[in-house]
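Dumped protein.txt below, it's compact mmCIF, C-alpha atoms:
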```
# COMPACT_ATOMS: atom_id res chain seq x y z
CA MET W 1 77.89 -193.64 103.36
CA ILE W 2 76.14 -190.83 105.23
CA ARG W 3 73.04 -191.26 103.04
CA LEU W 4 72.92 -194.96 103.82
CA PHE W 5 73.27 -194.27 107.55
CA PHE W 6 70.33 -191.86 107.61
CA ALA W 7 68.20 -194.12 105.40
CA LEU W 8 68.80 -197.10 107.69
CA LEU W 9 68.18 -194.99 110.78
CA TRP W 10 64.93 -193.65 109.31
CA THR W 11 63.85 -197.16 108.31
CA GLY W 12 64.62 -198.76 111.65
CA LEU W 13 62.93 -196.07 113.73
CA SER W 14 59.91 -196.02 111.42
CA LEU W 15 59.42 -199.78 111.60
CA ILE W 16 59.68 -199.81 115.38
CA PHE W 17 57.64 -196.74 116.30
CA SER W 18 54.85 -197.49 113.83
CA LEU W 19 54.04 -200.87 115.42
CA PRO W 20 50.92 -199.42 117.12
CA PHE W 21 49.67 -198.40 113.67
CA HIS W 22 50.20 -201.96 112.46
CA LEU W 23 48.04 -203.29 115.30
CA TYR W 24 45.37 -200.76 114.38
CA TRP W 25 45.44 -201.66 110.67
CA LYS W 26 45.33 -205.37 111.48
CA HIS W 27 41.96 -204.74 113.14
CA PHE W 28 40.52 -204.31 109.62
CA GLU W 29 42.13 -207.50 108.23
CA LYS W 30 38.88 -209.49 108.01
CA LYS W 31 36.30 -206.82 108.73
CA ASP W 32 37.21 -204.37 105.95
CA PRO W 33 40.39 -205.23 103.97
CA PRO W 34 40.10 -202.27 101.52
CA LYS W 35 40.00 -199.87 104.47
CA ARG W 36 43.15 -201.48 105.87
CA TRP W 37 44.93 -201.13 102.53
CA GLN W 38 43.86 -197.51 102.14
CA LYS W 39 44.99 -196.44 105.61
CA SER W 40 48.30 -198.33 105.56
CA TRP W 41 49.06 -197.18 101.98
CA LYS W 42 48.87 -193.52 103.00
CA PHE W 43 51.18 -194.15 105.95
CA VAL W 44 53.70 -196.41 104.21
CA ARG W 45 54.09 -194.12 101.20
CA ARG W 46 55.05 -191.29 103.58
CA PHE W 47 57.65 -193.59 105.12
CA PHE W 48 58.97 -194.49 101.65
CA ARG W 49 59.15 -190.83 100.68
CA GLY W 50 61.47 -190.38 103.67
CA VAL W 51 63.73 -193.12 102.29
CA ILE W 52 63.75 -191.47 98.86
CA PHE W 53 64.61 -188.12 100.47
CA CYS W 54 67.53 -189.69 102.36
CA ALA W 55 68.77 -191.25 99.12
CA GLY W 56 68.53 -187.94 97.25
CA THR W 57 66.67 -189.61 94.39
CA LYS W 58 65.14 -187.46 91.63
CA ILE W 59 62.18 -189.24 90.03
CA GLU W 60 61.05 -188.53 86.47
CA ILE W 61 57.57 -189.92 85.83
CA ARG W 62 56.42 -190.59 82.27
CA GLY W 63 52.91 -191.64 81.31
CA GLU W 64 51.42 -190.45 84.59
CA GLU W 65 48.16 -189.79 82.74
CA ASN W 66 47.78 -193.58 82.41
CA LEU W 67 47.36 -193.97 86.18
CA SER W 68 43.82 -194.11 87.52
CA GLU W 69 42.77 -192.65 90.87
CA THR W 70 39.76 -194.97 91.10
CA GLU W 71 40.51 -198.30 89.41
CA SER W 72 43.02 -200.90 90.54
CA ALA W 73 45.53 -202.34 88.08
CA LEU W 74 48.22 -204.98 87.78
CA PHE W 75 51.55 -203.18 87.26
CA VAL W 76 54.03 -205.39 85.38
CA ALA W 77 57.60 -204.08 85.56
CA ASN W 78 61.24 -204.91 85.05
CA HIS W 79 63.03 -205.57 88.35
CA ARG W 80 66.20 -203.61 89.13
CA SER W 81 66.27 -202.78 92.82
CA TYR W 82 64.54 -202.74 96.19
CA PHE W 83 63.71 -199.16 95.19
CA ASP W 84 61.33 -200.57 92.55
CA ILE W 85 58.83 -201.20 95.33
CA ILE W 86 59.62 -198.00 97.22
CA ILE W 87 59.16 -195.70 94.22
CA LEU W 88 56.15 -197.45 92.68
CA GLN W 89 54.43 -197.29 96.07
CA THR W 90 54.94 -193.52 96.26
CA VAL W 91 53.83 -192.66 92.70
CA SER W 92 50.78 -194.94 92.54
CA LYS W 93 47.43 -193.15 92.82
CA THR W 94 45.63 -196.10 94.40
CA PRO W 95 46.56 -198.45 97.27
CA ILE W 96 49.09 -200.95 96.00
CA GLY W 97 50.61 -204.15 97.31
CA PHE W 98 53.24 -206.38 95.71
CA VAL W 99 53.75 -210.00 94.73
CA ALA W 100 56.98 -210.79 96.56
CA LYS W 101 59.19 -213.84 97.01
CA LYS W 102 58.42 -215.91 100.09
CA GLU W 103 61.95 -215.17 101.35
CA PHE W 104 60.79 -211.68 102.35
CA ARG W 105 58.90 -213.28 105.23
CA SER W 106 62.24 -213.82 106.99
CA PHE W 107 62.97 -210.09 107.22
CA PRO W 108 62.47 -208.55 110.71
CA LEU W 109 59.25 -206.49 111.00
CA LEU W 110 59.06 -205.69 107.27
CA PRO W 111 56.57 -208.51 106.41
CA LEU W 112 54.07 -206.98 108.85
CA TYR W 113 53.87 -203.80 106.81
CA MET W 114 53.99 -205.65 103.50
CA GLU W 115 50.88 -207.53 104.60
CA ASP W 116 49.27 -204.29 105.76
CA ILE W 117 49.42 -202.82 102.24
CA GLY W 118 48.09 -206.07 100.76
CA SER W 119 51.29 -207.72 99.52
CA LEU W 120 51.35 -211.43 98.76
CA PHE W 121 54.22 -213.89 99.21
CA LEU W 122 54.78 -216.30 96.34
CA ASP W 123 56.30 -219.75 96.73
CA ARG W 124 57.43 -220.55 93.19
CA GLU W 125 58.55 -224.05 94.14
CA ASN W 126 55.10 -225.08 95.35
CA VAL W 127 52.55 -225.12 92.51
CA ARG W 128 49.54 -225.47 94.81
CA GLU W 129 50.59 -222.54 96.99
CA SER W 130 51.39 -220.47 93.92
CA LEU W 131 47.86 -221.02 92.60
CA LYS W 132 46.43 -219.95 95.96
CA THR W 133 48.48 -216.77 95.78
CA ILE W 134 47.28 -216.05 92.23
CA ASN W 135 43.66 -216.60 93.27
CA GLU W 136 44.05 -214.31 96.28
CA GLY W 137 45.67 -211.67 94.08
CA THR W 138 42.73 -211.91 91.68
CA LYS W 139 40.34 -211.36 94.57
CA ARG W 140 42.24 -208.34 95.86
CA LEU W 141 42.44 -206.71 92.45
CA GLY W 142 38.67 -207.05 92.25
CA GLN W 143 38.37 -205.40 95.66
CA GLY W 144 40.26 -202.33 94.51
CA LEU W 145 43.87 -203.11 95.46
CA SER W 146 46.50 -202.61 92.77
CA LEU W 147 49.40 -205.07 92.68
CA GLY W 148 53.00 -204.76 91.50
CA LEU W 149 54.36 -207.81 89.68
CA TYR W 150 57.98 -208.43 88.63
CA PRO W 151 57.91 -211.39 86.21
CA GLU W 152 61.72 -211.64 86.01
CA GLY W 153 61.50 -213.11 89.50
CA THR W 154 64.65 -211.50 90.86
CA ARG W 155 66.57 -208.22 90.67
CA ASN W 156 68.35 -208.00 87.33
CA HIS W 157 71.46 -205.85 86.86
CA THR W 158 72.21 -206.77 83.25
CA ASP W 159 71.28 -204.84 80.10
CA GLU W 160 69.02 -207.66 78.90
CA LEU W 161 65.74 -208.57 80.56
CA LEU W 162 65.56 -211.98 82.18
CA PRO W 163 62.87 -214.42 80.96
CA PHE W 164 59.43 -213.35 82.15
CA LYS W 165 57.23 -215.77 84.12
CA PRO W 166 53.69 -215.07 82.83
CA GLY W 167 51.59 -216.88 85.45
CA GLY W 168 50.70 -213.73 87.37
CA TYR W 169 49.09 -212.05 84.37
CA ARG W 170 45.96 -214.15 84.97
CA MET W 171 45.16 -212.05 88.02
CA ALA W 172 44.25 -209.13 85.76
CA GLU W 173 42.50 -211.39 83.28
CA LYS W 174 40.26 -213.03 85.87
CA SER W 175 39.45 -209.84 87.76
CA ASP W 176 38.73 -207.72 84.63
CA ARG W 177 41.37 -205.23 85.65
CA PRO W 178 43.97 -203.65 83.36
CA ILE W 179 47.63 -204.48 83.06
CA ILE W 180 49.88 -201.42 83.03
CA LEU W 181 53.43 -202.06 81.83
CA VAL W 182 56.16 -200.23 83.72
CA ALA W 183 59.72 -199.49 82.58
CA GLN W 184 62.27 -198.46 85.23
CA THR W 185 65.71 -197.04 84.50
CA ASN W 186 68.67 -196.35 86.84
CA PHE W 187 66.93 -197.81 89.91
CA GLY W 188 69.81 -200.20 90.56
CA LYS W 189 72.25 -197.29 90.56
CA ILE W 190 70.65 -195.86 93.69
CA PHE W 191 72.00 -198.67 95.87
CA GLU W 192 72.69 -202.21 94.67
CA GLU W 193 75.09 -201.44 91.81
CA ASN W 194 77.26 -199.07 93.85
CA LYS W 195 80.57 -199.96 95.47
CA PHE W 196 79.99 -201.07 99.07
CA HIS W 197 76.24 -200.70 98.38
CA ALA W 198 76.42 -197.00 99.16
CA LEU W 199 73.38 -194.83 98.48
CA ARG W 200 73.99 -192.40 95.63
CA ARG W 201 71.97 -189.44 94.40
CA ARG W 202 70.49 -190.52 91.07
CA HIS W 203 68.05 -189.40 88.44
CA VAL W 204 65.67 -192.28 87.70
CA ILE W 205 62.90 -192.75 85.16
CA ILE W 206 59.66 -194.64 85.70
CA GLU W 207 57.33 -194.89 82.71
CA PHE W 208 53.75 -196.19 82.60
CA ASP W 209 52.25 -197.58 79.42
CA LYS W 210 48.55 -197.33 78.55
CA PRO W 211 46.26 -199.74 80.46
CA VAL W 212 45.31 -202.93 78.62
CA TYR W 213 42.45 -205.27 79.61
CA PRO W 214 43.40 -208.91 78.84
CA SER W 215 39.88 -210.07 79.81
CA ARG W 216 38.46 -208.12 76.86
CA MET W 217 40.64 -209.83 74.26
CA ASP W 218 40.07 -213.10 72.46
CA ARG W 219 42.39 -215.97 73.26
CA GLU W 220 44.87 -215.43 70.43
CA GLU W 221 45.04 -211.67 70.95
CA ARG W 222 45.60 -212.15 74.68
CA LYS W 223 48.40 -214.67 74.12
CA ALA W 224 50.10 -212.32 71.67
CA PHE W 225 49.87 -209.49 74.20
CA TYR W 226 51.36 -211.62 76.97
CA ASP W 227 54.18 -212.85 74.74
CA ASN W 228 55.03 -209.28 73.73
CA ILE W 229 55.20 -207.85 77.27
CA PRO W 230 59.02 -208.19 77.62
CA ASN W 231 59.52 -206.65 74.17
CA ARG W 232 57.24 -203.73 74.96
CA ILE W 233 59.00 -203.00 78.26
CA GLN W 234 62.36 -203.22 76.49
CA GLU W 235 61.13 -200.71 73.89
CA MET W 236 60.22 -198.31 76.67
CA LEU W 237 63.60 -198.82 78.33
CA ASP W 238 65.38 -198.14 75.04
CA THR W 239 63.73 -194.71 74.84
CA HIS W 240 65.30 -193.86 78.22
CA LYS W 241 68.86 -194.46 77.06
CA ASN W 242 69.29 -191.06 75.46
CA SER W 243 67.74 -189.29 78.44
CA LYS W 244 69.88 -187.20 80.77
CA SER W 245 70.67 -189.23 83.89
CA ASN W 246 73.32 -189.41 86.59
```

Will you turn the file into structure tokens for me?
Amino acid sequence: MIRLFFALLWTGLSLIFSLPFHLYWKHFEKKDPPKRWQKSWKFVRRFFRGVIFCAGTKIEIRGEENLSETESALFVANHRSYFDIIILQTVSKTPIGFVAKKEFRSFPLLPLYMEDIGSLFLDRENVRESLKTINEGTKRLGQGLSLGLYPEGTRNHTDELLPFKPGGYRMAEKSDRPIILVAQTNFGKIFEENKFHALRRRHVIIEFDKPVYPSRMDREERKAFYDNIPNRIQEMLDTHKNSKSN
């Protein structure tokens, strides 16, 4: 429990004492959104690295050569843990926000910083609002902000992937940005799957597939690619099973 105590202490103090930075970043909200994302990304990833240090997490990155330092991308991943966001934020080479459930807006202080890095809140029960979110995500991808998308829709702690919701893929298609598939293993074992939700030192794997541009495919090819996304991520996950992990 000592790891959890220090992680929560670090998180609480960071959220509170960085409020002046939030007010500074918000100044760029309409004037220069990419500048806001760039500045807040550098700060928030340092904060997340502190959380990872407290948790004692060892991260193995595969396919790092598929990450661009100049072009934004839509990262499509399986969803295992809150640490999905924390780790992807720290290993990304460009500013990155996330497509999150609207329920995250109810968290104290956290939504402020999620907005700072360009995250969007999706209301899946409201089709009109969902379309607005997709359109805004398309715009932000075109402006140079990468986005993390978890099509399962919720954290999944089973061996089988949940059905993927493909609506968000259109953000990459419409913005002519690549989709990069991401497979994440052992993330749930850091926190959620442990007794009493204790933080445990774990070895985790995050793997990035080669970038694919849906906008440069014909209709049938694009549909086949979208339909195969869960299978491709599962294939990547299967290669992790024989890897050494805690």

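With distances restricted to all atoms listed in the file, W:Phe75 is the closest residue to Ala172 (chain W) from W:Phe75, W:Phe83, W:Phe187, W:Phe196.
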
Contact check, region 25-74 of chain W to region 158-171 of chain W, at most 12 Å, counting all atoms listed in the file, closest pairs as JSON lines:
```
{"residue": "W:Ser72", "atom": "CA", "partner": "W:Met171", "partner_atom": "CA", "distance": 11.6}
{"residue": "W:Ala73", "atom": "CA", "partner": "W:Met171", "partner_atom": "CA", "distance": 9.7}
{"residue": "W:Leu74", "atom": "CA", "partner": "W:Met171", "partner_atom": "CA", "distance": 7.7}
```

Quick check, in Å to one decimal: how far apart do CA of Thr11 (chain W) and CA of Ile190 (chain W) lie?
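The value is 16.2 Å.
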
Within 8 Å of region 233-241 of chain W using all atoms listed in the file, minus same-chain residues under 4 positions, as a VMD selection string
chain W and resid 77 to 78 161 181 to 185 205 207 229

Please list as JSON, numbers by chain every residue within 9 Å of Arg45 (chain W), counting all atoms listed in the file and excluding residues in the same chain fewer than 3 positions away.
{"W": [40, 41, 42, 48, 49, 50, 86, 87, 89, 90, 91]}

Can you work out which one of W:Lys101, W:Arg155, W:Arg128, W:Lys174 has the shortest atom-to-atom distance to Met114 (chain W), counting all atoms listed in the file?
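When distances to Met114 (chain W) are compared using all atoms listed in the file, the smallest one comes from W:Lys101.
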
Near Leu67 (chain W), counting only C-alpha atoms, which residues have an atom at most 9 Å away, once you skip same-chain residues fewer than 3 positions from it, shown as number ranges by chain?
W: 63-64, 71, 73, 92-94, 180, 208, 210-211

Provide the CA of Phe47 (chain W) to CA of Ala100 (chain W) distance in Å, to one decimal place.
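Computing the Euclidean distance for CA of Phe47 (chain W) and CA of Ala100 (chain W) yields 19.2 Å.
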